[in-house]
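Visitor: Structure incoming, see below.
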Amino acid sequence: MTAMLSSTQMRRLPPKPPRSAHDLAAPILLSPPHLTGREKAAVAASLASGWLAPAGPTPRAFEAAFAEATGFAHVLGVASGTAALTLAFRVLEIGPGDEVWVPGFTFIASIAPAVQLGARPRFLDVCPGSWTLDAALLAAELRAAARQGRLPKAVVAVDIYGQCAALHEIAPLCAGYGVAVISDSAEGLGATQAGLPAGRGALLAAFSFNGNKIITAGGGGALASDDALLIARARALADQAKSPAPHYEHETTGYSFGLSSLLAAVGLAQLSKLADRVARRRAIFARYQEALEDLPGLAFMPEAAWGRSSRWLSALLIDPAGFGMDADGLRRVLAAGGIETRPAFKPLHMQPVFRDAPRVGGKVAEALFAKGLCLPSGSGMAPAAQHRVIRAIRAAARG
């Protein structure tokens, strides 16, 4: 049994060390949700209407608003960006024996649904000027694959950290070989390429409204296309592939992938602020660049000549020889100060699950992983919070 300390003994104990400024400061998160103030009323209206499930007027209203914002003729709201990609692969009838090409520098969700359907992934390197799929490398690989009779069933172009892939080059290249293009635009909403919104030019485009995205519903996603039939097929699959009948009739299996009315209400409230969110994130990137560009060993993610990035995340490269520590060292220093950052994507060909998958190149992706770090970029981040990040990075460089 632990003895109680007397008041005299308590007075003899050394005082607790004072809390540091880092302890007292609130944590700075990488990309937290930025609410508009309209979400609560929108959700309350949906609750009052009695529509909660993926049905009713709110999901359809969100789909219509999203179509207008992105320029696509047809949009299907779904439960997540991964659900949107799964449906894209399903409606293209990708399955065992098919090959799907994807840039190696991306999140695993860009290819995982295709692999789960039995397809074989092939990883292509990215371009150092954009960090997205290298169109010149793709062109060479398509020519070689055509000669060998092993063209892929689909190519997935991926938008990275708010930067669009070069769909104006990729889509015509693939069309010449009859290869479908899917745009994984989970990170691209609000950006443009060749004057078009993210995903435009692809046969199908997938979007995410996860909590860290530029527009969030707290979850959810969308599949968009100008092909009405593809979206109609996806809509049927997202609703358990039920055939028209008074009873449950199924000619194939589907999913429960619908976007709930509550998430759609949040997304609808957010969507009107897309342009403002892009402006804020671009301003955050610009402040980082202006405040830190004089430091040796730092280089910020370039903006592709063909587009305008949303700067969803402010990403930079760290050369330890110039800066004095590597990207992971800076990540740990900032984490100790309550500042959340994230390493750049580990290339898919370096992931244990894909150790045997074929790849073309990969040195650019490997270098981005070794040197890349994403800084706090939330559009609601106060200038004082950003200045704290900047001061911490400058202090780390001096150290």
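Labels for the structure tokens follow display order: chains A, B, ..., residues from 1 in each chain, ligands from 1.
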Just list the residues in stretch 28-124 of chain A DSSP gives strand (DSSP E or B) on the backbone, as a PyMOL selection string.
Guide: chain A and resi 28+74-78+99-103+120-124
Visitor: Print the selection's residues with N, CA, C and O atoms to a file, as a PDB file, in the first residue's frame.
Guide:
ATOM      1  N   ILE A  28      -0.122  21.533 -34.451  1.00  0.00           N
ATOM      2  CA  ILE A  28      -0.439  21.976 -35.807  1.00  0.00           C
ATOM      3  C   ILE A  28      -0.535  20.727 -36.673  1.00  0.00           C
ATOM      4  O   ILE A  28       0.447  20.007 -36.851  1.00  0.00           O
ATOM      5  N   HIS A  74     -21.502  13.483 -65.878  1.00  0.00           N
ATOM      6  CA  HIS A  74     -22.171  12.525 -64.998  1.00  0.00           C
ATOM      7  C   HIS A  74     -21.303  12.247 -63.776  1.00  0.00           C
ATOM      8  O   HIS A  74     -20.094  12.022 -63.900  1.00  0.00           O
ATOM      9  N   VAL A  75     -21.925  12.242 -62.612  1.00  0.00           N
ATOM     10  CA  VAL A  75     -21.215  12.026 -61.349  1.00  0.00           C
ATOM     11  C   VAL A  75     -22.006  11.074 -60.466  1.00  0.00           C
ATOM     12  O   VAL A  75     -23.243  11.172 -60.376  1.00  0.00           O
ATOM     13  N   LEU A  76     -21.300  10.179 -59.816  1.00  0.00           N
ATOM     14  CA  LEU A  76     -21.883   9.266 -58.834  1.00  0.00           C
ATOM     15  C   LEU A  76     -21.195   9.492 -57.501  1.00  0.00           C
ATOM     16  O   LEU A  76     -19.968   9.334 -57.390  1.00  0.00           O
ATOM     17  N   GLY A  77     -21.936   9.878 -56.471  1.00  0.00           N
ATOM     18  CA  GLY A  77     -21.390   9.998 -55.129  1.00  0.00           C
ATOM     19  C   GLY A  77     -21.293   8.628 -54.473  1.00  0.00           C
ATOM     20  O   GLY A  77     -22.236   7.828 -54.553  1.00  0.00           O
ATOM     21  N   VAL A  78     -20.155   8.344 -53.851  1.00  0.00           N
ATOM     22  CA  VAL A  78     -19.928   7.032 -53.232  1.00  0.00           C
ATOM     23  C   VAL A  78     -19.307   7.191 -51.853  1.00  0.00           C
ATOM     24  O   VAL A  78     -19.045   8.307 -51.398  1.00  0.00           O
ATOM     25  N   GLU A  99      -3.478  -6.364 -67.219  1.00  0.00           N
ATOM     26  CA  GLU A  99      -2.393  -5.569 -66.668  1.00  0.00           C
ATOM     27  C   GLU A  99      -2.864  -4.124 -66.534  1.00  0.00           C
ATOM     28  O   GLU A  99      -3.499  -3.579 -67.447  1.00  0.00           O
ATOM     29  N   VAL A 100      -2.552  -3.505 -65.413  1.00  0.00           N
ATOM     30  CA  VAL A 100      -2.896  -2.105 -65.168  1.00  0.00           C
ATOM     31  C   VAL A 100      -1.615  -1.370 -64.815  1.00  0.00           C
ATOM     32  O   VAL A 100      -0.874  -1.794 -63.929  1.00  0.00           O
ATOM     33  N   TRP A 101      -1.380  -0.261 -65.523  1.00  0.00           N
ATOM     34  CA  TRP A 101      -0.183   0.534 -65.272  1.00  0.00           C
ATOM     35  C   TRP A 101      -0.524   1.730 -64.396  1.00  0.00           C
ATOM     36  O   TRP A 101      -1.574   2.359 -64.554  1.00  0.00           O
ATOM     37  N   VAL A 102       0.398   2.057 -63.509  1.00  0.00           N
ATOM     38  CA  VAL A 102       0.164   3.141 -62.552  1.00  0.00           C
ATOM     39  C   VAL A 102       1.517   3.722 -62.164  1.00  0.00           C
ATOM     40  O   VAL A 102       2.520   3.004 -62.144  1.00  0.00           O
ATOM     41  N   PRO A 103       1.592   5.019 -61.889  1.00  0.00           N
ATOM     42  CA  PRO A 103       2.866   5.552 -61.395  1.00  0.00           C
ATOM     43  C   PRO A 103       3.215   4.944 -60.044  1.00  0.00           C
ATOM     44  O   PRO A 103       2.335   4.716 -59.211  1.00  0.00           O
ATOM     45  N   ARG A 120      -2.799  -7.494 -62.745  1.00  0.00           N
ATOM     46  CA  ARG A 120      -1.372  -7.405 -62.439  1.00  0.00           C
ATOM     47  C   ARG A 120      -0.936  -5.949 -62.550  1.00  0.00           C
ATOM     48  O   ARG A 120      -1.152  -5.311 -63.578  1.00  0.00           O
ATOM     49  N   PRO A 121      -0.299  -5.389 -61.525  1.00  0.00           N
ATOM     50  CA  PRO A 121       0.161  -4.005 -61.606  1.00  0.00           C
ATOM     51  C   PRO A 121       1.524  -3.907 -62.285  1.00  0.00           C
ATOM     52  O   PRO A 121       2.341  -4.839 -62.228  1.00  0.00           O
ATOM     53  N   ARG A 122       1.759  -2.799 -62.935  1.00  0.00           N
ATOM     54  CA  ARG A 122       3.072  -2.477 -63.490  1.00  0.00           C
ATOM     55  C   ARG A 122       3.321  -1.014 -63.147  1.00  0.00           C
ATOM     56  O   ARG A 122       2.496  -0.147 -63.444  1.00  0.00           O
ATOM     57  N   PHE A 123       4.457  -0.734 -62.518  1.00  0.00           N
ATOM     58  CA  PHE A 123       4.731   0.594 -61.995  1.00  0.00           C
ATOM     59  C   PHE A 123       5.676   1.360 -62.917  1.00  0.00           C
ATOM     60  O   PHE A 123       6.732   0.854 -63.303  1.00  0.00           O
ATOM     61  N   LEU A 124       5.279   2.568 -63.255  1.00  0.00           N
ATOM     62  CA  LEU A 124       6.083   3.442 -64.088  1.00  0.00           C
ATOM     63  C   LEU A 124       6.580   4.625 -63.243  1.00  0.00           C
ATOM     64  O   LEU A 124       5.889   5.072 -62.324  1.00  0.00           O
TER      65      LEU A 124
END
Visitor: For the contact check between stretch 24-138 of chain A and stretch 161-178 of chain A, emit one row per residue of stretch 24-138 of chain A within 12 Å, containing the shortest atom pair and the distance in Å rounded to one decimal, counting only C-alpha atoms, chain then rising number order, as CSV.
Guide:
residue,atom,partner,partner_atom,distance
A:Ser31,CA,A:Tyr161,CA,11.4
A:Trp101,CA,A:Cys174,CA,11.2
A:Val102,CA,A:Ala165,CA,11.6
A:Pro103,CA,A:Ala165,CA,10.2
A:Phe105,CA,A:Tyr161,CA,11.2
A:Thr106,CA,A:Tyr161,CA,9.8
A:Phe107,CA,A:Tyr161,CA,11.0
A:Val126,CA,A:Ala165,CA,9.8
A:Cys127,CA,A:Ala165,CA,9.9
A:Gly129,CA,A:Gln163,CA,10.9
A:Ser130,CA,A:Gln163,CA,7.3
A:Trp131,CA,A:Gln163,CA,8.2
A:Thr132,CA,A:Ala165,CA,5.4
A:Leu133,CA,A:Ala165,CA,6.4
A:Asp134,CA,A:Ala166,CA,8.4
A:Ala135,CA,A:Ile170,CA,6.0
A:Ala136,CA,A:Glu169,CA,9.0
A:Leu137,CA,A:Ile170,CA,10.5
A:Leu138,CA,A:Ile170,CA,7.8
Visitor: Can you pull out every residue from stretch 65-185 of chain A that DSSP, working from the backbone, puts in helix (DSSP H, G or I), and format the result as a count of residues only?
Guide: 48
Visitor: Measuring atom to atom with only C-alpha atoms, identify which of A:Lys213, A:Arg388, A:Lys363, A:Lys371 is nearest to A:Asp125.
Guide: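 Nearest to A:Asp125: A:Lys363.
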Visitor: Taking 6 positions as the minimum chain separation for residues in the same chain, which residues sit within 9 Å of A:Ala224 when counting only C-alpha atoms? Answer as a list in words.
Guide: Ala67, Thr70, Phe72, Ala73, His74, Val75, Leu76, Gly77, Ala84, Gly199, Leu203, Leu204, Ala205, Ala206, Phe207 and Ile231 of chain A
Visitor: Keeping N, CA, C and O atoms for every residue in the selection just given, could you write it to a file as a PDB file, in the first residue's frame?
Guide:
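Result file again-v4.pdb:
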ATOM      1  N   ALA A  67     -20.725  17.896 -60.460  1.00  0.00           N
ATOM      2  CA  ALA A  67     -20.605  17.882 -61.920  1.00  0.00           C
ATOM      3  C   ALA A  67     -20.362  19.289 -62.445  1.00  0.00           C
ATOM      4  O   ALA A  67     -19.520  19.508 -63.333  1.00  0.00           O
ATOM      5  N   THR A  70     -16.724  20.417 -61.672  1.00  0.00           N
ATOM      6  CA  THR A  70     -15.635  19.714 -62.345  1.00  0.00           C
ATOM      7  C   THR A  70     -15.782  19.650 -63.859  1.00  0.00           C
ATOM      8  O   THR A  70     -14.821  19.285 -64.553  1.00  0.00           O
ATOM      9  N   PHE A  72     -17.688  17.550 -65.508  1.00  0.00           N
ATOM     10  CA  PHE A  72     -18.097  16.230 -65.982  1.00  0.00           C
ATOM     11  C   PHE A  72     -19.609  16.188 -66.197  1.00  0.00           C
ATOM     12  O   PHE A  72     -20.372  16.823 -65.455  1.00  0.00           O
ATOM     13  N   ALA A  73     -20.025  15.406 -67.176  1.00  0.00           N
ATOM     14  CA  ALA A  73     -21.448  15.311 -67.478  1.00  0.00           C
ATOM     15  C   ALA A  73     -22.194  14.458 -66.458  1.00  0.00           C
ATOM     16  O   ALA A  73     -23.380  14.690 -66.200  1.00  0.00           O
ATOM     17  N   HIS A  74     -21.502  13.483 -65.878  1.00  0.00           N
ATOM     18  CA  HIS A  74     -22.171  12.525 -64.998  1.00  0.00           C
ATOM     19  C   HIS A  74     -21.303  12.247 -63.776  1.00  0.00           C
ATOM     20  O   HIS A  74     -20.094  12.022 -63.900  1.00  0.00           O
ATOM     21  N   VAL A  75     -21.925  12.242 -62.612  1.00  0.00           N
ATOM     22  CA  VAL A  75     -21.215  12.026 -61.349  1.00  0.00           C
ATOM     23  C   VAL A  75     -22.006  11.074 -60.466  1.00  0.00           C
ATOM     24  O   VAL A  75     -23.243  11.172 -60.376  1.00  0.00           O
ATOM     25  N   LEU A  76     -21.300  10.179 -59.816  1.00  0.00           N
ATOM     26  CA  LEU A  76     -21.883   9.266 -58.834  1.00  0.00           C
ATOM     27  C   LEU A  76     -21.195   9.492 -57.501  1.00  0.00           C
ATOM     28  O   LEU A  76     -19.968   9.334 -57.390  1.00  0.00           O
ATOM     29  N   GLY A  77     -21.936   9.878 -56.471  1.00  0.00           N
ATOM     30  CA  GLY A  77     -21.390   9.998 -55.129  1.00  0.00           C
ATOM     31  C   GLY A  77     -21.293   8.628 -54.473  1.00  0.00           C
ATOM     32  O   GLY A  77     -22.236   7.828 -54.553  1.00  0.00           O
ATOM     33  N   ALA A  84     -14.763   4.625 -55.345  1.00  0.00           N
ATOM     34  CA  ALA A  84     -14.849   5.160 -56.704  1.00  0.00           C
ATOM     35  C   ALA A  84     -13.877   4.443 -57.628  1.00  0.00           C
ATOM     36  O   ALA A  84     -14.224   4.085 -58.770  1.00  0.00           O
ATOM     37  N   GLY A 199      -8.912  15.641 -63.667  1.00  0.00           N
ATOM     38  CA  GLY A 199      -9.607  14.444 -64.128  1.00  0.00           C
ATOM     39  C   GLY A 199     -10.189  14.534 -65.522  1.00  0.00           C
ATOM     40  O   GLY A 199     -10.468  13.505 -66.147  1.00  0.00           O
ATOM     41  N   LEU A 203     -11.274   8.739 -69.104  1.00  0.00           N
ATOM     42  CA  LEU A 203     -12.560   8.082 -69.295  1.00  0.00           C
ATOM     43  C   LEU A 203     -13.361   8.102 -68.003  1.00  0.00           C
ATOM     44  O   LEU A 203     -14.580   8.319 -68.007  1.00  0.00           O
ATOM     45  N   LEU A 204     -12.670   7.899 -66.896  1.00  0.00           N
ATOM     46  CA  LEU A 204     -13.285   7.910 -65.567  1.00  0.00           C
ATOM     47  C   LEU A 204     -12.342   8.617 -64.611  1.00  0.00           C
ATOM     48  O   LEU A 204     -11.116   8.477 -64.721  1.00  0.00           O
ATOM     49  N   ALA A 205     -12.889   9.368 -63.676  1.00  0.00           N
ATOM     50  CA  ALA A 205     -12.069  10.053 -62.678  1.00  0.00           C
ATOM     51  C   ALA A 205     -12.638   9.803 -61.295  1.00  0.00           C
ATOM     52  O   ALA A 205     -13.855   9.874 -61.093  1.00  0.00           O
ATOM     53  N   ALA A 206     -11.758   9.497 -60.352  1.00  0.00           N
ATOM     54  CA  ALA A 206     -12.158   9.218 -58.975  1.00  0.00           C
ATOM     55  C   ALA A 206     -11.698  10.347 -58.064  1.00  0.00           C
ATOM     56  O   ALA A 206     -10.568  10.837 -58.190  1.00  0.00           O
ATOM     57  N   PHE A 207     -12.562  10.744 -57.131  1.00  0.00           N
ATOM     58  CA  PHE A 207     -12.273  11.829 -56.197  1.00  0.00           C
ATOM     59  C   PHE A 207     -12.536  11.354 -54.770  1.00  0.00           C
ATOM     60  O   PHE A 207     -13.309  10.422 -54.541  1.00  0.00           O
ATOM     61  N   ILE A 231     -21.351   5.414 -65.860  1.00  0.00           N
ATOM     62  CA  ILE A 231     -21.824   5.843 -64.545  1.00  0.00           C
ATOM     63  C   ILE A 231     -23.091   5.088 -64.147  1.00  0.00           C
ATOM     64  O   ILE A 231     -23.289   4.750 -62.975  1.00  0.00           O
TER      65      ILE A 231
END
Visitor: Name the residues in contact with A:Ser110 at a cut-off of 9 Å, using only C-alpha atoms, excluding same-chain residues fewer than 5 positions from it; report them as a list of chain:residue names.
Guide: A:Thr82, A:Leu85, A:Val102, A:Pro103, A:Val156, A:Ala157, A:Val158, A:Asp184
Visitor: Of the residues A:Ala336, A:Leu313, A:Leu230, A:Leu223, which is the one nearest to A:Ala283, using only C-alpha atoms?
Guide: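 For A:Ala283, the nearest of the candidates is A:Leu313.
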Visitor: Using only C-alpha atoms, which protein or nucleic acid residues come within 8 Å of A:Gly211? Drop anything in the same chain fewer than 4 positions from it, and give the result as a list in words.
Guide: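 Within the cut-off, the hits are Pro32, Pro33, Thr216, Ala217, Gly218 and Gly219 of chain A.
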Visitor: Tell me which of A:Ile108, A:Phe66, A:Gly297, A:Ala327 sits closest to A:Pro347, counting only C-alpha atoms.
Guide: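 Looking only at the distances to A:Pro347, the closest residue turns out to be A:Ile108.
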